>>> print(open('query_26.cif').read())   # mmCIF, N, CA and C atoms
data_coords
#
loop_
_atom_site.label_atom_id
_atom_site.label_comp_id
_atom_site.auth_asym_id
_atom_site.auth_seq_id
_atom_site.Cartn_x
_atom_site.Cartn_y
_atom_site.Cartn_z
N MET A 5 0.84 -1.16 0.00
CA MET A 5 0.00 0.00 0.00
C MET A 5 0.89 1.23 0.00
N ALA A 6 0.79 2.05 -1.03
CA ALA A 6 1.57 3.29 -1.10
C ALA A 6 0.85 4.37 -0.32
N ILE A 7 1.60 5.19 0.38
CA ILE A 7 1.01 6.28 1.13
C ILE A 7 1.55 7.57 0.54
N LYS A 8 0.64 8.48 0.21
CA LYS A 8 1.02 9.71 -0.45
C LYS A 8 0.40 10.89 0.28
N TYR A 9 1.18 11.87 0.61
CA TYR A 9 0.67 13.05 1.28
C TYR A 9 0.39 14.13 0.27
N ALA A 10 -0.75 14.78 0.42
CA ALA A 10 -1.06 15.95 -0.38
C ALA A 10 -0.16 17.10 0.06
N THR A 11 0.23 17.08 1.32
CA THR A 11 1.05 18.13 1.89
C THR A 11 1.76 17.65 3.15
N LEU A 12 2.28 18.51 3.94
CA LEU A 12 3.20 18.21 5.03
C LEU A 12 2.61 18.23 6.44
N PRO A 13 2.81 17.19 7.31
CA PRO A 13 2.40 17.32 8.71
C PRO A 13 3.47 17.98 9.57
N LEU A 14 3.16 19.05 10.27
CA LEU A 14 4.13 19.73 11.13
C LEU A 14 3.58 19.99 12.53
N THR A 15 3.54 19.03 13.37
CA THR A 15 3.21 19.25 14.77
C THR A 15 4.56 19.44 15.45
N LEU A 16 4.83 20.64 15.88
CA LEU A 16 6.14 21.01 16.41
C LEU A 16 7.14 21.04 15.28
N ALA A 17 7.61 19.91 14.81
CA ALA A 17 8.56 19.94 13.70
C ALA A 17 8.09 19.14 12.52
N PHE A 18 6.89 18.57 12.57
CA PHE A 18 6.39 17.76 11.46
C PHE A 18 4.88 17.79 11.41
N CYS A 19 4.30 18.06 10.24
CA CYS A 19 2.86 18.05 10.04
C CYS A 19 2.56 17.87 8.55
N VAL A 20 1.27 17.88 8.19
CA VAL A 20 0.90 17.69 6.79
C VAL A 20 -0.05 18.80 6.35
N LEU A 21 0.30 19.61 5.37
CA LEU A 21 -0.42 20.80 4.96
C LEU A 21 -1.65 20.50 4.12
N GLY A 22 -2.71 21.27 4.26
CA GLY A 22 -3.91 21.09 3.46
C GLY A 22 -5.09 21.80 4.07
N GLY A 23 -6.28 21.21 3.91
CA GLY A 23 -7.47 21.81 4.47
C GLY A 23 -8.72 21.06 4.08
N MET A 24 -8.92 19.85 4.56
CA MET A 24 -10.02 19.03 4.10
C MET A 24 -11.10 18.78 5.15
N ALA A 25 -10.96 19.29 6.36
CA ALA A 25 -11.95 19.01 7.38
C ALA A 25 -13.27 19.70 7.04
N SER A 26 -14.39 19.02 7.23
CA SER A 26 -15.69 19.59 6.96
C SER A 26 -16.73 18.87 7.81
N ALA A 27 -17.97 19.33 7.70
CA ALA A 27 -19.05 18.72 8.48
C ALA A 27 -19.24 17.26 8.14
N GLU A 28 -18.95 16.84 6.91
CA GLU A 28 -19.12 15.46 6.52
C GLU A 28 -17.92 14.59 6.89
N ALA A 29 -16.88 15.17 7.38
CA ALA A 29 -15.68 14.41 7.71
C ALA A 29 -15.93 13.51 8.91
N GLU A 30 -15.35 12.32 8.87
CA GLU A 30 -15.45 11.35 9.96
C GLU A 30 -14.24 11.51 10.87
N LYS A 31 -14.49 11.55 12.18
CA LYS A 31 -13.38 11.63 13.11
C LYS A 31 -12.59 10.32 13.08
N VAL A 32 -11.29 10.42 13.01
CA VAL A 32 -10.42 9.25 13.01
C VAL A 32 -10.28 8.77 14.45
N THR A 33 -10.60 7.51 14.67
CA THR A 33 -10.47 6.91 15.99
C THR A 33 -9.08 6.30 16.14
N GLU A 34 -8.77 5.90 17.35
CA GLU A 34 -7.50 5.22 17.58
C GLU A 34 -7.40 3.97 16.71
N GLU A 35 -8.48 3.23 16.59
CA GLU A 35 -8.48 2.00 15.79
C GLU A 35 -8.19 2.30 14.31
N ILE A 36 -8.80 3.36 13.78
CA ILE A 36 -8.54 3.74 12.38
C ILE A 36 -7.09 4.18 12.22
N PHE A 37 -6.59 4.99 13.16
CA PHE A 37 -5.20 5.45 13.07
C PHE A 37 -4.24 4.27 13.08
N ILE A 38 -4.44 3.34 13.98
CA ILE A 38 -3.55 2.18 14.08
C ILE A 38 -3.59 1.38 12.78
N ALA A 39 -4.78 1.18 12.23
CA ALA A 39 -4.91 0.40 11.00
C ALA A 39 -4.30 1.10 9.79
N THR A 40 -4.34 2.43 9.74
CA THR A 40 -3.90 3.15 8.55
C THR A 40 -2.51 3.76 8.64
N HIS A 41 -1.99 3.98 9.85
CA HIS A 41 -0.71 4.68 9.99
C HIS A 41 0.39 3.85 10.66
N VAL A 42 0.03 3.06 11.66
CA VAL A 42 1.03 2.37 12.47
C VAL A 42 1.66 1.22 11.69
N GLY A 43 2.99 1.14 11.80
CA GLY A 43 3.75 0.14 11.05
C GLY A 43 4.09 0.61 9.65
N LYS A 44 3.85 1.88 9.38
CA LYS A 44 4.09 2.42 8.04
C LYS A 44 4.99 3.65 8.12
N CYS A 45 5.69 3.89 7.03
CA CYS A 45 6.42 5.14 6.84
C CYS A 45 5.70 5.89 5.73
N ILE A 46 5.40 7.14 5.97
CA ILE A 46 4.58 7.94 5.07
C ILE A 46 5.41 9.04 4.45
N ASN A 47 5.43 9.09 3.13
CA ASN A 47 6.09 10.18 2.41
C ASN A 47 5.11 11.32 2.26
N TYR A 48 5.59 12.55 2.41
CA TYR A 48 4.73 13.71 2.28
C TYR A 48 5.42 14.80 1.47
N THR A 49 4.62 15.66 0.87
CA THR A 49 5.11 16.83 0.15
C THR A 49 4.19 18.00 0.49
N GLY A 50 4.62 19.18 0.14
CA GLY A 50 3.82 20.37 0.41
C GLY A 50 4.75 21.52 0.72
N GLY A 51 4.53 22.20 1.85
CA GLY A 51 5.41 23.28 2.28
C GLY A 51 6.83 22.79 2.49
N SER A 52 6.97 21.51 2.69
CA SER A 52 8.24 20.82 2.78
C SER A 52 7.98 19.39 2.34
N GLU A 53 9.00 18.57 2.33
CA GLU A 53 8.79 17.16 2.00
C GLU A 53 9.70 16.30 2.84
N GLY A 54 9.26 15.08 3.05
CA GLY A 54 10.03 14.17 3.86
C GLY A 54 9.29 12.86 4.07
N ARG A 55 9.62 12.21 5.17
CA ARG A 55 9.07 10.89 5.46
C ARG A 55 8.92 10.75 6.98
N GLN A 56 7.76 10.24 7.42
CA GLN A 56 7.55 9.99 8.85
C GLN A 56 7.10 8.54 9.02
N CYS A 57 7.65 7.89 10.05
CA CYS A 57 7.32 6.50 10.36
C CYS A 57 6.65 6.44 11.72
N TYR A 58 5.63 5.58 11.82
CA TYR A 58 4.92 5.33 13.07
C TYR A 58 5.08 3.87 13.42
N ARG A 59 5.57 3.57 14.61
CA ARG A 59 5.78 2.18 15.03
C ARG A 59 4.77 1.77 16.10
N ALA A 60 4.49 0.47 16.17
CA ALA A 60 3.52 -0.06 17.12
C ALA A 60 3.94 0.15 18.57
N ASP A 61 5.25 0.33 18.83
CA ASP A 61 5.72 0.55 20.20
C ASP A 61 5.55 2.00 20.66
N GLY A 62 4.91 2.83 19.83
CA GLY A 62 4.66 4.21 20.21
C GLY A 62 5.77 5.18 19.85
N THR A 63 6.76 4.72 19.08
CA THR A 63 7.83 5.62 18.65
C THR A 63 7.54 6.12 17.23
N THR A 64 8.11 7.24 16.91
CA THR A 64 7.96 7.84 15.59
C THR A 64 9.26 8.58 15.25
N ASP A 65 9.51 8.74 13.99
CA ASP A 65 10.62 9.58 13.56
C ASP A 65 10.29 10.18 12.21
N TYR A 66 10.95 11.27 11.90
CA TYR A 66 10.78 11.88 10.58
C TYR A 66 12.12 12.38 10.07
N ASP A 67 12.18 12.53 8.75
CA ASP A 67 13.32 13.11 8.06
C ASP A 67 12.73 14.09 7.06
N ASP A 68 12.88 15.38 7.34
CA ASP A 68 12.24 16.44 6.56
C ASP A 68 13.31 17.33 5.92
N LYS A 69 13.14 17.65 4.64
CA LYS A 69 14.14 18.46 3.94
C LYS A 69 14.31 19.84 4.54
N SER A 70 13.24 20.41 5.09
CA SER A 70 13.33 21.75 5.70
C SER A 70 13.63 21.71 7.19
N TYR A 71 13.07 20.74 7.89
CA TYR A 71 13.14 20.71 9.35
C TYR A 71 14.16 19.73 9.91
N GLY A 72 14.77 18.92 9.05
CA GLY A 72 15.77 17.97 9.51
C GLY A 72 15.16 16.68 10.03
N LYS A 73 15.89 16.02 10.92
CA LYS A 73 15.48 14.74 11.48
C LYS A 73 15.17 14.89 12.96
N ASP A 74 14.22 14.08 13.42
CA ASP A 74 13.93 14.01 14.84
C ASP A 74 13.17 12.71 15.09
N ASN A 75 13.09 12.35 16.34
CA ASN A 75 12.32 11.17 16.73
C ASN A 75 11.60 11.50 18.02
N GLY A 76 10.64 10.67 18.34
CA GLY A 76 9.87 10.91 19.56
C GLY A 76 8.89 9.79 19.80
N ASN A 77 7.81 10.14 20.44
CA ASN A 77 6.79 9.16 20.80
C ASN A 77 5.42 9.68 20.40
N TRP A 78 4.54 8.75 20.06
CA TRP A 78 3.15 9.08 19.79
C TRP A 78 2.28 8.27 20.74
N LYS A 79 1.09 8.78 21.00
CA LYS A 79 0.11 8.05 21.81
C LYS A 79 -1.28 8.55 21.43
N TRP A 80 -2.27 7.82 21.84
CA TRP A 80 -3.66 8.22 21.65
C TRP A 80 -4.20 8.53 23.04
N GLU A 81 -4.71 9.76 23.24
CA GLU A 81 -5.16 10.17 24.56
C GLU A 81 -6.43 11.01 24.42
N ASN A 82 -7.45 10.64 25.19
CA ASN A 82 -8.72 11.36 25.16
C ASN A 82 -9.27 11.51 23.74
N GLY A 83 -9.12 10.45 22.94
CA GLY A 83 -9.66 10.45 21.58
C GLY A 83 -8.86 11.26 20.57
N ARG A 84 -7.62 11.62 20.91
CA ARG A 84 -6.79 12.44 20.02
C ARG A 84 -5.40 11.85 19.85
N TYR A 85 -4.81 12.08 18.68
CA TYR A 85 -3.42 11.70 18.40
C TYR A 85 -2.52 12.73 19.08
N CYS A 86 -1.52 12.25 19.81
CA CYS A 86 -0.58 13.13 20.49
C CYS A 86 0.85 12.71 20.14
N VAL A 87 1.75 13.69 20.06
CA VAL A 87 3.14 13.40 19.73
C VAL A 87 4.04 14.34 20.53
N ALA A 88 5.20 13.82 20.92
CA ALA A 88 6.25 14.62 21.57
C ALA A 88 7.56 14.20 20.94
N TYR A 89 8.34 15.16 20.48
CA TYR A 89 9.62 14.88 19.83
C TYR A 89 10.77 15.07 20.80
N SER A 90 11.94 14.53 20.46
CA SER A 90 13.09 14.52 21.37
C SER A 90 13.54 15.93 21.76
N ALA A 91 13.31 16.92 20.93
CA ALA A 91 13.69 18.29 21.27
C ALA A 91 12.92 18.79 22.49
N ALA A 92 11.71 18.26 22.71
CA ALA A 92 10.89 18.64 23.87
C ALA A 92 10.06 17.42 24.28
N PRO A 93 10.71 16.40 24.86
CA PRO A 93 10.04 15.11 25.11
C PRO A 93 8.86 15.16 26.07
N ASP A 94 8.76 16.17 26.89
CA ASP A 94 7.64 16.28 27.82
C ASP A 94 6.58 17.26 27.34
N SER A 95 6.73 17.73 26.11
CA SER A 95 5.80 18.70 25.54
C SER A 95 4.94 18.02 24.47
N TRP A 96 3.85 17.41 24.90
CA TRP A 96 2.96 16.67 24.00
C TRP A 96 2.03 17.64 23.28
N THR A 97 1.91 17.46 21.97
CA THR A 97 0.97 18.21 21.15
C THR A 97 -0.08 17.23 20.66
N CYS A 98 -1.36 17.53 20.91
CA CYS A 98 -2.44 16.62 20.53
C CYS A 98 -3.32 17.26 19.46
N GLN A 99 -3.78 16.43 18.54
CA GLN A 99 -4.62 16.88 17.42
C GLN A 99 -5.73 15.88 17.19
N ASP A 100 -6.88 16.35 16.74
CA ASP A 100 -7.91 15.47 16.21
C ASP A 100 -7.59 15.24 14.74
N PHE A 101 -7.80 14.02 14.28
CA PHE A 101 -7.69 13.69 12.86
C PHE A 101 -9.09 13.43 12.34
N VAL A 102 -9.34 13.78 11.08
CA VAL A 102 -10.58 13.43 10.41
C VAL A 102 -10.23 12.87 9.04
N VAL A 103 -11.19 12.17 8.44
CA VAL A 103 -11.02 11.65 7.08
C VAL A 103 -12.30 11.89 6.31
N LYS A 104 -12.16 12.36 5.07
CA LYS A 104 -13.29 12.59 4.18
C LYS A 104 -12.85 12.19 2.78
N ASP A 105 -13.59 11.29 2.18
CA ASP A 105 -13.28 10.83 0.81
C ASP A 105 -11.84 10.36 0.68
N GLY A 106 -11.32 9.68 1.70
CA GLY A 106 -9.97 9.13 1.66
C GLY A 106 -8.86 10.12 1.94
N VAL A 107 -9.22 11.37 2.25
CA VAL A 107 -8.22 12.39 2.57
C VAL A 107 -8.23 12.60 4.07
N TYR A 108 -7.08 12.39 4.71
CA TYR A 108 -6.92 12.58 6.14
C TYR A 108 -6.46 14.01 6.40
N SER A 109 -6.88 14.58 7.52
CA SER A 109 -6.42 15.92 7.88
C SER A 109 -6.55 16.11 9.38
N TYR A 110 -5.86 17.13 9.87
CA TYR A 110 -6.11 17.57 11.23
C TYR A 110 -7.50 18.20 11.22
N ALA A 111 -8.26 18.07 12.29
CA ALA A 111 -9.63 18.55 12.33
C ALA A 111 -9.74 20.05 12.08
N ASN A 112 -8.69 20.80 12.39
CA ASN A 112 -8.71 22.24 12.14
C ASN A 112 -8.49 22.57 10.66
N GLY A 113 -8.25 21.54 9.83
CA GLY A 113 -8.09 21.74 8.40
C GLY A 113 -6.72 22.25 7.98
N GLU A 114 -5.81 22.40 8.94
CA GLU A 114 -4.50 22.98 8.64
C GLU A 114 -3.64 22.10 7.74
N TYR A 115 -3.70 20.80 7.91
CA TYR A 115 -2.85 19.89 7.16
C TYR A 115 -3.68 18.71 6.65
N SER A 116 -3.30 18.14 5.49
CA SER A 116 -4.01 16.97 4.99
C SER A 116 -3.07 16.05 4.20
N TRP A 117 -3.47 14.76 4.08
CA TRP A 117 -2.70 13.77 3.37
C TRP A 117 -3.62 12.63 2.97
N THR A 118 -3.22 11.86 1.98
CA THR A 118 -3.99 10.70 1.57
C THR A 118 -3.18 9.45 1.76
N ILE A 119 -3.86 8.34 1.96
CA ILE A 119 -3.22 7.03 2.08
C ILE A 119 -3.78 6.18 0.96
N GLU A 120 -2.93 5.70 0.08
CA GLU A 120 -3.39 4.91 -1.07
C GLU A 120 -3.03 3.45 -0.89
#
>>> encode(input="query_26.cif", output="C-alpha cells")
Amino acid sequence: MAIKYATLPLTLAFCVLGGMASAEAEKVTEEIFIATHVGKCINYTGGSEGRQCYRADGTTDYDDKSYGKDNGNWKWENGRYCVAYSAAPDSWTCQDFVVKDGVYSYANGEYSWTIE
C-alpha cells in the first residue's frame, strides 16, 4: 500500500499541509489510526517534504528536507493523536484527525494527506 501526502504534517517539527476538514468528515479513531498509519512510513510533500514513520511501540521519527530529522513518541489520549519529539520530550501536542473521501487531515483543516 503506497502512502502519499497531499502536503506536510508539522506538529512542532512535522505536520501535513492542506485543508479538508468539513461537516461530513469522519473523526479518526484510535483504531482507524492504528490500521492506517502504524507500522508504516509515510512520504509527504507540500510546504516541505520528507518521510515519517509510526511504530507499534509508540515511537515515531521523521526526516524532513526543511526541518531535519527528529524522533519521539506518539500516543492516543482522550480520543486524540498526540506526539512529543526529542527536542521537547515532555511537551505533547495533541490533534484530532478526520477523514473525508480518503483524505486525512487535522480537524482544524490545517494539514491533509492521503493514504493509497
>>> resolve_selection(input="query_26.cif", expression="the PyMOL selection byres ((chain A and resi 85) around 6)", output="ChimeraX atom specification")
/A:79-81,83-84,86-87,97-101
>>> atom_distance(input="query_26.cif", atom1="atom N of Gly106 (chain A)", atom2="atom C of Cys45 (chain A)")
17.9 Å
>>> resolve_selection(input="query_26.cif", expression="the PyMOL selection byres ((chain A and resi 53-65) around 6.5)", output="VMD selection string")
chain A and resid 12 41 to 52 66 to 70 74 to 79
>>> atom_distance(input="query_26.cif", atom1="atom N of Ala111 (chain A)", atom2="atom C of Glu35 (chain A)")
15.9 Å
>>> atom_distance(input="query_26.cif", atom1="CA of Val107 (chain A)", atom2="CA of Ala39 (chain A)")
15.0 Å
>>> resolve_selection(input="query_26.cif", expression="the PyMOL selection byres ((chain A and resi 105) around 8)", output="PyMOL selection string")
chain A and resi 28-30+102-104+106-108+118
